[in-house]
$ cat protein-v7.cif   # mmCIF, C-alpha atoms and all ligand atoms
data_model
#
loop_
_atom_site.group_PDB
_atom_site.id
_atom_site.type_symbol
_atom_site.label_atom_id
_atom_site.label_comp_id
_atom_site.auth_asym_id
_atom_site.auth_seq_id
_atom_site.Cartn_x
_atom_site.Cartn_y
_atom_site.Cartn_z
ATOM 1 C CA MET A 18 0.000 0.000 0.000
ATOM 2 C CA GLU A 19 1.203 3.498 -0.740
ATOM 3 C CA HIS A 20 1.179 6.325 1.756
ATOM 4 C CA SER A 21 -1.213 9.198 1.245
ATOM 5 C CA PHE A 22 0.284 11.911 3.443
ATOM 6 C CA ALA A 23 1.812 13.944 0.616
ATOM 7 C CA VAL A 24 -1.084 13.922 -1.813
ATOM 8 C CA GLU A 25 -2.481 17.157 -0.393
ATOM 9 C CA PRO A 26 -0.552 20.300 -1.369
ATOM 10 C CA GLU A 27 1.582 21.887 1.339
ATOM 11 C CA VAL A 28 1.157 25.385 2.739
ATOM 12 C CA LYS A 29 1.554 28.094 0.080
ATOM 13 C CA ILE A 30 4.039 30.860 0.774
ATOM 14 C CA GLY A 31 4.755 34.189 -0.914
ATOM 15 C CA ARG A 32 7.426 34.565 -3.584
ATOM 16 C CA ASN A 33 9.325 37.051 -1.439
ATOM 17 C CA ASP A 34 9.068 35.062 1.777
ATOM 18 C CA ASP A 35 11.959 32.998 3.098
ATOM 19 C CA CYS A 36 11.989 29.545 1.540
ATOM 20 C CA TRP A 37 10.499 26.756 3.638
ATOM 21 C CA CYS A 38 13.694 24.698 3.289
ATOM 22 C CA GLY A 39 15.611 26.872 5.740
ATOM 23 C CA SER A 40 18.230 27.973 3.196
ATOM 24 C CA GLY A 41 17.651 31.632 4.142
ATOM 25 C CA LYS A 42 17.027 32.461 0.466
ATOM 26 C CA LYS A 43 13.824 34.002 -0.858
ATOM 27 C CA TYR A 44 11.256 31.422 -1.913
ATOM 28 C CA LYS A 45 11.268 32.617 -5.546
ATOM 29 C CA LYS A 46 15.071 32.142 -5.704
ATOM 30 C CA CYS A 47 14.974 28.755 -3.998
ATOM 31 C CA HIS A 48 12.190 26.124 -4.145
ATOM 32 C CA TYR A 49 9.529 28.113 -6.053
ATOM 33 C CA ASP A 50 10.018 26.442 -9.445
ATOM 34 C CA PHE A 51 10.663 23.143 -7.720
ATOM 35 C CA ASP A 52 7.302 23.350 -5.927
ATOM 36 C CA ALA A 53 5.506 24.188 -9.179
ATOM 37 C CA LYS A 54 6.989 21.057 -10.715
ATOM 38 C CA LEU A 55 6.045 18.988 -7.669
ATOM 39 C CA ASP A 56 2.478 20.356 -7.800
ATOM 40 C CA GLU A 57 2.200 19.187 -11.366
ATOM 41 C CA TYR A 58 3.299 15.663 -10.379
ATOM 42 C CA ARG A 59 0.884 15.768 -7.437
ATOM 43 C CA ARG A 60 -1.976 16.656 -9.802
ATOM 44 C CA GLN A 61 -1.043 13.558 -11.781
ATOM 45 C CA ARG A 62 -1.401 11.538 -8.549
ATOM 46 C CA PHE A 63 2.291 10.827 -8.136
ATOM 47 C CA LEU A 64 3.340 10.189 -4.541
ATOM 48 C CA VAL A 65 5.566 13.226 -3.944
ATOM 49 C CA PRO A 66 7.847 13.693 -0.921
ATOM 50 C CA PRO A 67 6.717 15.940 1.924
ATOM 51 C CA ARG A 68 8.860 19.033 2.586
ATOM 52 C CA ARG A 69 9.977 17.765 5.959
ATOM 53 C CA ILE A 70 12.147 15.019 4.426
ATOM 54 C CA LEU A 71 13.973 17.296 1.968
ATOM 55 C CA LYS A 72 17.418 18.432 3.080
ATOM 56 C CA ASN A 73 19.013 21.794 2.349
ATOM 57 C CA PRO A 74 22.767 22.159 1.662
ATOM 58 C CA ALA A 75 23.605 23.106 5.266
ATOM 59 C CA GLN A 76 21.790 20.054 6.594
ATOM 60 C CA ILE A 77 23.464 17.821 4.018
ATOM 61 C CA GLU A 78 26.853 19.077 5.169
ATOM 62 C CA LYS A 79 25.994 18.186 8.793
ATOM 63 C CA ILE A 80 24.855 14.736 7.729
ATOM 64 C CA ARG A 81 28.128 14.233 5.809
ATOM 65 C CA GLU A 82 30.036 14.988 9.022
ATOM 66 C CA SER A 83 28.017 12.341 10.833
ATOM 67 C CA ALA A 84 28.639 9.895 7.993
ATOM 68 C CA LYS A 85 32.410 10.344 8.242
ATOM 69 C CA ILE A 86 32.248 8.765 11.689
ATOM 70 C CA ASN A 87 30.007 5.971 10.468
ATOM 71 C CA ILE A 88 32.480 5.201 7.678
ATOM 72 C CA GLU A 89 35.415 5.315 10.110
ATOM 73 C CA ILE A 90 33.617 2.735 12.254
ATOM 74 C CA LEU A 91 33.048 0.330 9.355
ATOM 75 C CA ASP A 92 36.645 0.798 8.126
ATOM 76 C CA TYR A 93 37.941 0.062 11.621
ATOM 77 C CA VAL A 94 35.820 -3.066 11.854
ATOM 78 C CA GLY A 95 37.218 -4.160 8.470
ATOM 79 C CA THR A 96 40.801 -4.030 9.653
ATOM 80 C CA HIS A 97 40.242 -5.601 13.094
ATOM 81 C CA ILE A 98 37.531 -8.209 12.703
ATOM 82 C CA GLN A 99 38.735 -11.822 12.849
ATOM 83 C CA ALA A 100 37.952 -15.271 14.184
ATOM 84 C CA GLY A 101 37.985 -15.431 17.982
ATOM 85 C CA ILE A 102 36.591 -11.990 18.716
ATOM 86 C CA SER A 103 33.131 -11.621 20.204
ATOM 87 C CA THR A 104 30.432 -9.383 18.767
ATOM 88 C CA LEU A 105 30.499 -7.480 22.065
ATOM 89 C CA GLU A 106 34.065 -6.449 21.221
ATOM 90 C CA ILE A 107 32.764 -4.967 17.956
ATOM 91 C CA ASP A 108 30.230 -3.033 20.028
ATOM 92 C CA GLU A 109 33.072 -1.742 22.209
ATOM 93 C CA TRP A 110 35.013 -0.515 19.144
ATOM 94 C CA VAL A 111 31.901 1.282 17.925
ATOM 95 C CA CYS A 112 31.355 2.901 21.338
ATOM 96 C CA ALA A 113 34.982 4.061 21.507
ATOM 97 C CA ILE A 114 35.073 5.626 18.023
ATOM 98 C CA THR A 115 31.652 7.212 18.477
ATOM 99 C CA LYS A 116 32.639 8.697 21.821
ATOM 100 C CA LYS A 117 35.985 9.983 20.513
ATOM 101 C CA HIS A 118 34.048 12.197 18.081
ATOM 102 C CA GLY A 119 31.453 13.358 20.592
ATOM 103 C CA ALA A 120 28.753 11.449 18.716
ATOM 104 C CA VAL A 121 26.035 9.030 19.830
ATOM 105 C CA ALA A 122 25.155 5.610 18.405
ATOM 106 C CA ALA A 123 21.631 5.801 16.992
ATOM 107 C CA THR A 124 20.717 2.213 17.852
ATOM 108 C CA LEU A 125 21.613 2.476 21.556
ATOM 109 C CA ASN A 126 18.283 2.482 23.441
ATOM 110 C CA TYR A 127 16.424 2.907 20.137
ATOM 111 C CA GLU A 128 13.019 1.385 20.954
ATOM 112 C CA GLY A 129 14.866 -0.570 23.621
ATOM 113 C CA PHE A 130 17.703 -1.923 21.458
ATOM 114 C CA PRO A 131 20.442 -2.515 24.022
ATOM 115 C CA ARG A 132 23.671 -1.979 22.024
ATOM 116 C CA SER A 133 25.449 0.554 19.796
ATOM 117 C CA VAL A 134 25.596 -1.540 16.627
ATOM 118 C CA CYS A 135 23.827 -4.513 15.017
ATOM 119 C CA THR A 136 25.892 -7.643 14.349
ATOM 120 C CA SER A 137 24.161 -10.280 12.228
ATOM 121 C CA ILE A 138 25.956 -13.566 11.530
ATOM 122 C CA ASN A 139 25.103 -16.206 8.846
ATOM 123 C CA ASP A 140 21.358 -16.987 9.082
ATOM 124 C CA ILE A 141 20.678 -13.803 11.040
ATOM 125 C CA VAL A 142 19.103 -11.390 8.586
ATOM 126 C CA CYS A 143 19.498 -8.210 10.662
ATOM 127 C CA HIS A 144 19.214 -6.626 14.127
ATOM 128 C CA GLY A 145 21.576 -9.131 15.788
ATOM 129 C CA ILE A 146 22.514 -7.963 19.294
ATOM 130 C CA PRO A 147 26.222 -7.937 20.172
ATOM 131 C CA ALA A 148 26.974 -10.387 22.986
ATOM 132 C CA LYS A 149 30.010 -11.652 24.847
ATOM 133 C CA ASP A 150 29.252 -15.295 24.123
ATOM 134 C CA VAL A 151 28.813 -14.809 20.378
ATOM 135 C CA VAL A 152 32.316 -15.464 19.084
ATOM 136 C CA LEU A 153 33.260 -15.242 15.403
ATOM 137 C CA LYS A 154 34.675 -18.338 13.784
ATOM 138 C CA GLU A 155 36.381 -19.121 10.492
ATOM 139 C CA GLY A 156 33.795 -19.373 7.696
ATOM 140 C CA ASP A 157 31.257 -16.968 9.220
ATOM 141 C CA ILE A 158 29.791 -14.065 7.289
ATOM 142 C CA ILE A 159 28.655 -11.082 9.348
ATOM 143 C CA ASN A 160 26.851 -7.831 8.718
ATOM 144 C CA VAL A 161 27.903 -4.926 10.928
ATOM 145 C CA ASP A 162 25.293 -2.146 10.796
ATOM 146 C CA ALA A 163 26.385 1.191 12.244
ATOM 147 C CA SER A 164 24.333 4.336 12.678
ATOM 148 C CA THR A 165 25.627 7.572 14.139
ATOM 149 C CA ILE A 166 24.084 10.782 15.467
ATOM 150 C CA LEU A 167 26.364 13.827 15.340
ATOM 151 C CA ASN A 168 24.925 17.186 16.432
ATOM 152 C CA GLY A 169 21.454 15.763 15.824
ATOM 153 C CA TYR A 170 22.167 14.511 12.270
ATOM 154 C CA PHE A 171 21.921 10.831 11.343
ATOM 155 C CA SER A 172 24.021 8.473 9.252
ATOM 156 C CA ASP A 173 23.373 4.784 8.674
ATOM 157 C CA SER A 174 25.267 2.179 6.642
ATOM 158 C CA SER A 175 26.427 -1.393 6.899
ATOM 159 C CA ARG A 176 28.866 -3.831 5.345
ATOM 160 C CA MET A 177 29.475 -7.567 5.231
ATOM 161 C CA TYR A 178 32.707 -9.122 6.480
ATOM 162 C CA CYS A 179 33.979 -12.630 5.728
ATOM 163 C CA ILE A 180 35.808 -14.328 8.577
ATOM 164 C CA GLY A 181 38.849 -16.201 7.259
ATOM 165 C CA GLU A 182 38.134 -18.728 4.532
ATOM 166 C CA VAL A 183 34.439 -18.690 3.673
ATOM 167 C CA SER A 184 32.638 -21.240 1.460
ATOM 168 C CA ALA A 185 32.220 -20.349 -2.225
ATOM 169 C CA ASP A 186 28.429 -20.295 -1.740
ATOM 170 C CA LYS A 187 28.563 -17.722 1.027
ATOM 171 C CA LYS A 188 31.186 -15.662 -0.770
ATOM 172 C CA ARG A 189 28.939 -15.416 -3.822
ATOM 173 C CA LEU A 190 25.965 -14.416 -1.669
ATOM 174 C CA VAL A 191 27.995 -11.621 -0.076
ATOM 175 C CA GLU A 192 29.250 -10.436 -3.465
ATOM 176 C CA VAL A 193 25.812 -10.483 -5.128
ATOM 177 C CA ALA A 194 24.342 -8.563 -2.176
ATOM 178 C CA ARG A 195 27.041 -5.933 -2.647
ATOM 179 C CA GLN A 196 26.554 -5.768 -6.415
ATOM 180 C CA SER A 197 22.814 -5.357 -5.886
ATOM 181 C CA LEU A 198 23.500 -1.886 -4.480
ATOM 182 C CA ASP A 199 25.282 -0.876 -7.693
ATOM 183 C CA VAL A 200 22.310 -2.199 -9.649
ATOM 184 C CA GLY A 201 19.889 -0.165 -7.509
ATOM 185 C CA LEU A 202 22.005 2.997 -7.516
ATOM 186 C CA LYS A 203 21.763 3.213 -11.315
ATOM 187 C CA TYR A 204 18.064 3.988 -10.843
ATOM 188 C CA VAL A 205 18.528 6.703 -8.250
ATOM 189 C CA GLN A 206 17.708 9.697 -10.421
ATOM 190 C CA PRO A 207 15.576 12.758 -9.687
ATOM 191 C CA TRP A 208 12.008 12.683 -11.070
ATOM 192 C CA ARG A 209 11.951 8.892 -11.241
ATOM 193 C CA LYS A 210 9.931 6.618 -8.912
ATOM 194 C CA ILE A 211 11.815 4.820 -6.172
ATOM 195 C CA GLY A 212 10.122 1.502 -7.001
ATOM 196 C CA ASP A 213 12.235 1.311 -10.170
ATOM 197 C CA MET A 214 15.296 1.038 -7.943
ATOM 198 C CA GLY A 215 13.746 -1.622 -5.676
ATOM 199 C CA ALA A 216 12.437 -3.674 -8.578
ATOM 200 C CA ALA A 217 15.862 -3.670 -10.270
ATOM 201 C CA ILE A 218 17.461 -5.037 -7.104
ATOM 202 C CA HIS A 219 14.819 -7.724 -6.794
ATOM 203 C CA GLU A 220 15.260 -8.846 -10.403
ATOM 204 C CA PHE A 221 19.027 -8.975 -9.978
ATOM 205 C CA ALA A 222 18.787 -11.087 -6.814
ATOM 206 C CA VAL A 223 16.308 -13.509 -8.361
ATOM 207 C CA GLU A 224 18.431 -13.857 -11.533
ATOM 208 C CA ASN A 225 21.228 -14.958 -9.228
ATOM 209 C CA GLY A 226 19.063 -17.592 -7.571
ATOM 210 C CA TYR A 227 18.374 -15.699 -4.361
ATOM 211 C CA SER A 228 15.342 -14.174 -2.662
ATOM 212 C CA VAL A 229 14.798 -10.774 -1.049
ATOM 213 C CA VAL A 230 13.207 -10.105 2.339
ATOM 214 C CA LYS A 231 9.830 -8.389 1.917
ATOM 215 C CA GLN A 232 8.951 -7.236 5.405
ATOM 216 C CA ILE A 233 12.018 -5.116 6.196
ATOM 217 C CA GLY A 234 13.307 -2.353 3.964
ATOM 218 C CA GLY A 235 15.226 0.872 3.809
ATOM 219 C CA HIS A 236 14.118 4.289 4.958
ATOM 220 C CA GLY A 237 14.556 7.994 4.673
ATOM 221 C CA VAL A 238 17.316 9.189 7.005
ATOM 222 C CA GLY A 239 19.263 12.287 7.991
ATOM 223 C CA LEU A 240 17.147 14.547 10.159
ATOM 224 C CA GLU A 241 15.689 11.500 11.916
ATOM 225 C CA PHE A 242 16.859 7.898 12.154
ATOM 226 C CA HIS A 243 13.875 6.603 10.210
ATOM 227 C CA GLU A 244 11.949 8.962 7.947
ATOM 228 C CA ASP A 245 9.681 8.485 4.966
ATOM 229 C CA PRO A 246 9.812 6.935 2.510
ATOM 230 C CA TRP A 247 9.884 3.284 3.413
ATOM 231 C CA VAL A 248 12.085 1.638 0.784
ATOM 232 C CA SER A 249 11.093 -1.768 -0.581
ATOM 233 C CA TYR A 250 13.118 -4.108 -2.786
ATOM 234 C CA VAL A 251 10.164 -6.338 -3.563
ATOM 235 C CA CYS A 252 7.910 -4.036 -5.549
ATOM 236 C CA PRO A 253 6.757 -3.465 -9.106
ATOM 237 C CA ARG A 254 8.457 -0.869 -11.297
ATOM 238 C CA ASN A 255 6.779 2.513 -11.663
ATOM 239 C CA THR A 256 5.537 2.565 -8.051
ATOM 240 C CA GLY A 257 6.459 4.373 -4.863
ATOM 241 C CA MET A 258 7.584 7.894 -4.071
ATOM 242 C CA LEU A 259 8.978 10.240 -6.682
ATOM 243 C CA MET A 260 12.692 10.799 -6.035
ATOM 244 C CA VAL A 261 13.629 14.491 -6.001
ATOM 245 C CA PRO A 262 16.813 16.451 -5.218
ATOM 246 C CA GLY A 263 17.371 16.759 -1.477
ATOM 247 C CA MET A 264 15.813 13.407 -0.621
ATOM 248 C CA MET A 265 18.024 11.016 1.310
ATOM 249 C CA PHE A 266 17.396 7.351 2.021
ATOM 250 C CA THR A 267 19.065 3.995 2.561
ATOM 251 C CA ILE A 268 19.323 1.114 0.125
ATOM 252 C CA GLU A 269 19.748 -2.000 2.243
ATOM 253 C CA PRO A 270 18.245 -5.125 0.677
ATOM 254 C CA MET A 271 18.458 -8.327 2.686
ATOM 255 C CA ILE A 272 19.344 -11.071 0.226
ATOM 256 C CA ASN A 273 18.653 -14.662 1.276
ATOM 257 C CA MET A 274 20.398 -17.716 -0.162
ATOM 258 C CA GLY A 275 17.221 -19.733 0.316
ATOM 259 C CA ARG A 276 13.628 -18.649 0.813
ATOM 260 C CA ASP A 277 12.567 -15.133 1.750
ATOM 261 C CA GLU A 278 10.665 -16.021 4.949
ATOM 262 C CA ILE A 279 11.972 -14.659 8.226
ATOM 263 C CA TYR A 280 11.033 -14.660 11.902
ATOM 264 C CA ILE A 281 11.916 -12.545 14.920
ATOM 265 C CA SER A 282 13.455 -14.188 17.979
ATOM 266 C CA ASP A 283 10.974 -14.709 20.826
ATOM 267 C CA GLU A 284 13.848 -14.539 23.276
ATOM 268 C CA ASP A 285 15.161 -11.035 22.601
ATOM 269 C CA GLY A 286 12.422 -9.581 20.398
ATOM 270 C CA TRP A 287 15.009 -8.189 17.952
ATOM 271 C CA THR A 288 17.111 -10.771 16.148
ATOM 272 C CA VAL A 289 15.694 -11.583 12.714
ATOM 273 C CA TYR A 290 16.465 -15.064 11.357
ATOM 274 C CA THR A 291 15.831 -16.781 8.040
ATOM 275 C CA GLU A 292 13.030 -19.307 8.465
ATOM 276 C CA ASP A 293 14.955 -22.000 6.552
ATOM 277 C CA GLY A 294 18.246 -21.447 8.380
ATOM 278 C CA MET A 295 20.101 -20.515 5.170
ATOM 279 C CA PRO A 296 22.496 -17.544 5.183
ATOM 280 C CA SER A 297 21.457 -13.958 4.464
ATOM 281 C CA ALA A 298 23.588 -10.988 3.410
ATOM 282 C CA GLN A 299 23.033 -7.243 3.471
ATOM 283 C CA TRP A 300 24.994 -4.127 2.601
ATOM 284 C CA GLU A 301 23.546 -0.701 3.300
ATOM 285 C CA VAL A 302 24.276 2.594 1.585
ATOM 286 C CA GLN A 303 22.919 6.029 2.526
ATOM 287 C CA VAL A 304 22.306 8.022 -0.613
ATOM 288 C CA LEU A 305 21.327 11.611 -1.474
ATOM 289 C CA VAL A 306 19.289 12.391 -4.576
ATOM 290 C CA THR A 307 20.986 15.283 -6.425
ATOM 291 C CA GLN A 308 20.064 17.482 -9.419
ATOM 292 C CA ASP A 309 21.520 14.978 -11.851
ATOM 293 C CA GLY A 310 21.729 11.662 -10.029
ATOM 294 C CA TYR A 311 22.933 10.720 -6.579
ATOM 295 C CA GLU A 312 25.698 11.157 -4.058
ATOM 296 C CA ILE A 313 26.781 8.434 -1.663
ATOM 297 C CA ILE A 314 26.725 9.806 1.869
ATOM 298 C CA SER A 315 27.643 6.739 3.903
ATOM 299 C CA TYR A 316 28.738 3.263 2.801
HETATM 300 N N1 LIG A 401 20.642 0.372 11.168
HETATM 301 C C1 LIG A 401 19.371 -0.292 11.243
HETATM 302 C C2 LIG A 401 18.515 0.287 10.140
HETATM 303 O O1 LIG A 401 18.882 0.165 9.037
HETATM 304 C C3 LIG A 401 18.889 -0.107 12.631
HETATM 305 C C4 LIG A 401 17.686 -0.874 13.002
HETATM 306 S S1 LIG A 401 17.069 -0.448 14.511
HETATM 307 C C5 LIG A 401 17.913 -1.345 15.673
HETATM 308 O O2 LIG A 401 17.540 0.928 10.292
HETATM 309 F F1 LIG A 401 17.462 -0.990 16.802
HETATM 310 F F2 LIG A 401 17.770 -2.626 15.436
HETATM 311 F F3 LIG A 401 19.172 -1.072 15.594
HETATM 312 CO CO CO A 402 19.021 1.548 7.874
#
$ encode --input "protein-v7.cif" --output "structure tokens"
Amino acid sequence: MEHSFAVEPEVKIGRNDDCWCGSGKKYKKCHYDFDAKLDEYRRQRFLVPPRRILKNPAQIEKIRESAKINIEILDYVGTHIQAGISTLEIDEWVCAITKKHGAVAATLNYEGFPRSVCTSINDIVCHGIPAKDVVLKEGDIINVDASTILNGYFSDSSRMYCIGEVSADKKRLVEVARQSLDVGLKYVQPWRKIGDMGAAIHEFAVENGYSVVKQIGGHGVGLEFHEDPWVSYVCPRNTGMLMVPGMMFTIEPMINMGRDEIYISDEDGWTVYTEDGMPSAQWEVQVLVTQDGYEIISY
């Protein structure tokens, strides 16, 4: 189902008023023409983004600063992760780097999530909770999902890591999941519907013999941890929100080696597993829609 919140036009403002985006420029010199274009799409019943999720250049710069820390975290994990370490140690690295920069981990206490990062091994799809007794071993694949708040601005991205020698099957899953982001990114263009991106990822995964998780997707991000739109990778083309410059969201498909069904752990209420016990892989990129394409903010 598609949202309906943005179908109604937003408040009209005068040409000489300050623009609603907070740029400090006059409306007529800033988003006036943009709004006229958006109104035309709205009349044609396109799902257009609400103003509150569009970022101005100053906000984008703040989000980039946050993302630098997120990237530093994932780079650090890449050079230190190995068999024998526990996922709680990864959490400690994340805490230390985050703290060093005066930032806050977005997952910590988020709806009760108890740690500063998600660590999801093998058949865990996402939202794995770091723990002392979860120790990495040769042949594991793990997603480390970091999200940082700096001065109130959010970044969110994740990568897969292979521990020592990994089976050819798992290696291919990890690689296809990574490539699926490149496939999706080709469709991130202003004035195109976001479902084109999701559908392309789905087709690519299925061509490779995999399935894509339906129930969990990406999200708008930047001013909040989770903003509109919700981003699906199991959707028809020519559906979903119109992408426009200033929109920012994550692309983070969860690609399963086996079937797409998942379940959430009864024990902790967070950890998401594949129903069939087969491995799952996910990479996450935070992307900004620009005037002529996209910019990667965090990866
Ligand atoms: N980084 C995850 C995301 O993509 C965070 C999920 S919420 C958590 O949205 F509490 F599980 F961390
Ligand atoms: Co995310």
$ residues_around --input "protein-v7.cif" --residues "Ile70 (chain A)" --least-positions-apart "5" --cutoff "8 Å" --atoms "all atoms listed in the file" --output "list in words"
Gly237, Leu240, Glu244, Asp245, Met264 and Met265 of chain A
$ write_last_selection --input "protein-v7.cif" --atoms "C-alpha atoms" --output "PDB file, in the frame of the given file"
ATOM      1  CA  GLY A 237      14.556   7.994   4.673  1.00  0.00           C
ATOM      2  CA  LEU A 240      17.147  14.547  10.159  1.00  0.00           C
ATOM      3  CA  GLU A 244      11.949   8.962   7.947  1.00  0.00           C
ATOM      4  CA  ASP A 245       9.681   8.485   4.966  1.00  0.00           C
ATOM      5  CA  MET A 264      15.813  13.407  -0.621  1.00  0.00           C
ATOM      6  CA  MET A 265      18.024  11.016   1.310  1.00  0.00           C
TER       7      MET A 265
END
$ closest_residue --input "protein-v7.cif" --among "A:Cys38, A:Ala194, A:Ile211, A:Cys135" --to "Gly226 (chain A)" --atoms "all atoms listed in the file"
A:Ala194
$ residues_near_ligand --input "protein-v7.cif" --ligand "ligand LIG 401 (chain A)" --cutoff "6 Å" --atoms "all atoms listed in the file" --output "compact mmCIF listing (two decimals) with C-alpha atoms, keeping the file's coordinate frame"
# COMPACT_ATOMS: atom_id res chain seq x y z
CA THR A 124 20.72 2.21 17.85
CA TYR A 127 16.42 2.91 20.14
CA PHE A 130 17.70 -1.92 21.46
CA CYS A 135 23.83 -4.51 15.02
CA HIS A 144 19.21 -6.63 14.13
CA ASP A 162 25.29 -2.15 10.80
CA ALA A 163 26.38 1.19 12.24
CA SER A 164 24.33 4.34 12.68
CA ASP A 173 23.37 4.78 8.67
$ resolve_selection --input "protein-v7.cif" --expression "the PyMOL selection byres (((chain A and resi 31) around 10) and not hetatm)" --output "PyMOL selection string"
chain A and resi 29-30+32-36+43-45+49
$ residues_near_ligand --input "protein-v7.cif" --ligand "ligand CO 402 (chain A)" --cutoff "7 Å" --atoms "only C-alpha atoms and all ligand atoms" --output "list in words"
Asp173, Ser174, Gly235, His236, Thr267, Glu269 and Glu301 of chain A
$ write_last_selection --input "protein-v7.cif" --atoms "C-alpha atoms" --output "PDB file, keeping the file's coordinate frame"
ATOM      1  CA  ASP A 173      23.373   4.784   8.674  1.00  0.00           C
ATOM      2  CA  SER A 174      25.267   2.179   6.642  1.00  0.00           C
ATOM      3  CA  GLY A 235      15.226   0.872   3.809  1.00  0.00           C
ATOM      4  CA  HIS A 236      14.118   4.289   4.958  1.00  0.00           C
ATOM      5  CA  THR A 267      19.065   3.995   2.561  1.00  0.00           C
ATOM      6  CA  GLU A 269      19.748  -2.000   2.243  1.00  0.00           C
ATOM      7  CA  GLU A 301      23.546  -0.701   3.300  1.00  0.00           C
TER       8      GLU A 301
END
$ resolve_selection --input "protein-v7.cif" --expression "the PyMOL selection byres (((chain A and resi 307) around 12) and not hetatm)" --output "JSON, numbers by chain"
{"A": [71, 72, 73, 74, 77, 205, 206, 207, 208, 260, 261, 262, 263, 264, 265, 304, 305, 306, 308, 309, 310, 311, 312, 313, 314]}
$ write_last_selection --input "protein-v7.cif" --atoms "C-alpha atoms" --output "PDB file, keeping the file's coordinate frame"
ATOM      1  CA  LEU A  71      13.973  17.296   1.968  1.00  0.00           C
ATOM      2  CA  LYS A  72      17.418  18.432   3.080  1.00  0.00           C
ATOM      3  CA  ASN A  73      19.013  21.794   2.349  1.00  0.00           C
ATOM      4  CA  PRO A  74      22.767  22.159   1.662  1.00  0.00           C
ATOM      5  CA  ILE A  77      23.464  17.821   4.018  1.00  0.00           C
ATOM      6  CA  VAL A 205      18.528   6.703  -8.250  1.00  0.00           C
ATOM      7  CA  GLN A 206      17.708   9.697 -10.421  1.00  0.00           C
ATOM      8  CA  PRO A 207      15.576  12.758  -9.687  1.00  0.00           C
ATOM      9  CA  TRP A 208      12.008  12.683 -11.070  1.00  0.00           C
ATOM     10  CA  MET A 260      12.692  10.799  -6.035  1.00  0.00           C
ATOM     11  CA  VAL A 261      13.629  14.491  -6.001  1.00  0.00           C
ATOM     12  CA  PRO A 262      16.813  16.451  -5.218  1.00  0.00           C
ATOM     13  CA  GLY A 263      17.371  16.759  -1.477  1.00  0.00           C
ATOM     14  CA  MET A 264      15.813  13.407  -0.621  1.00  0.00           C
ATOM     15  CA  MET A 265      18.024  11.016   1.310  1.00  0.00           C
ATOM     16  CA  VAL A 304      22.306   8.022  -0.613  1.00  0.00           C
ATOM     17  CA  LEU A 305      21.327  11.611  -1.474  1.00  0.00           C
ATOM     18  CA  VAL A 306      19.289  12.391  -4.576  1.00  0.00           C
ATOM     19  CA  GLN A 308      20.064  17.482  -9.419  1.00  0.00           C
ATOM     20  CA  ASP A 309      21.520  14.978 -11.851  1.00  0.00           C
ATOM     21  CA  GLY A 310      21.729  11.662 -10.029  1.00  0.00           C
ATOM     22  CA  TYR A 311      22.933  10.720  -6.579  1.00  0.00           C
ATOM     23  CA  GLU A 312      25.698  11.157  -4.058  1.00  0.00           C
ATOM     24  CA  ILE A 313      26.781   8.434  -1.663  1.00  0.00           C
ATOM     25  CA  ILE A 314      26.725   9.806   1.869  1.00  0.00           C
TER      26      ILE A 314
END
$ resolve_selection --input "protein-v7.cif" --expression "the PyMOL selection byres (((chain A and resi 97) around 12) and not hetatm)" --output "PDB file with C-alpha atoms, in the coordinates of the input"
ATOM      1  CA  ILE A  90      33.617   2.735  12.254  1.00  0.00           C
ATOM      2  CA  LEU A  91      33.048   0.330   9.355  1.00  0.00           C
ATOM      3  CA  ASP A  92      36.645   0.798   8.126  1.00  0.00           C
ATOM      4  CA  TYR A  93      37.941   0.062  11.621  1.00  0.00           C
ATOM      5  CA  VAL A  94      35.820  -3.066  11.854  1.00  0.00           C
ATOM      6  CA  GLY A  95      37.218  -4.160   8.470  1.00  0.00           C
ATOM      7  CA  THR A  96      40.801  -4.030   9.653  1.00  0.00           C
ATOM      8  CA  ILE A  98      37.531  -8.209  12.703  1.00  0.00           C
ATOM      9  CA  GLN A  99      38.735 -11.822  12.849  1.00  0.00           C
ATOM     10  CA  ALA A 100      37.952 -15.271  14.184  1.00  0.00           C
ATOM     11  CA  GLY A 101      37.985 -15.431  17.982  1.00  0.00           C
ATOM     12  CA  ILE A 102      36.591 -11.990  18.716  1.00  0.00           C
ATOM     13  CA  SER A 103      33.131 -11.621  20.204  1.00  0.00           C
ATOM     14  CA  THR A 104      30.432  -9.383  18.767  1.00  0.00           C
ATOM     15  CA  GLU A 106      34.065  -6.449  21.221  1.00  0.00           C
ATOM     16  CA  ILE A 107      32.764  -4.967  17.956  1.00  0.00           C
ATOM     17  CA  TRP A 110      35.013  -0.515  19.144  1.00  0.00           C
ATOM     18  CA  VAL A 111      31.901   1.282  17.925  1.00  0.00           C
ATOM     19  CA  TYR A 178      32.707  -9.122   6.480  1.00  0.00           C
ATOM     20  CA  CYS A 179      33.979 -12.630   5.728  1.00  0.00           C
ATOM     21  CA  ILE A 180      35.808 -14.328   8.577  1.00  0.00           C
TER      22      ILE A 180
END
$ closest_residue --input "protein-v7.cif" --among "A:His219, A:Arg69, A:His243, A:Arg81" --to "Ile272 (chain A)" --atoms "only C-alpha atoms"
A:His219
$ closest_residue --input "protein-v7.cif" --among "A:Gly239, A:Gly286, A:Gly129, A:Pro296" --to "Asn168 (chain A)" --atoms "all atoms listed in the file"
A:Gly239
$ closest_residue --input "protein-v7.cif" --among "A:Val142, A:Phe171, A:Val289, A:Gln196" --to "Val229 (chain A)" --atoms "all atoms listed in the file"
A:Val142
$ atom_distance --input "protein-v7.cif" --atom1 "CA of Leu55 (chain A)" --atom2 "CA of Pro26 (chain A)"
9.2 Å
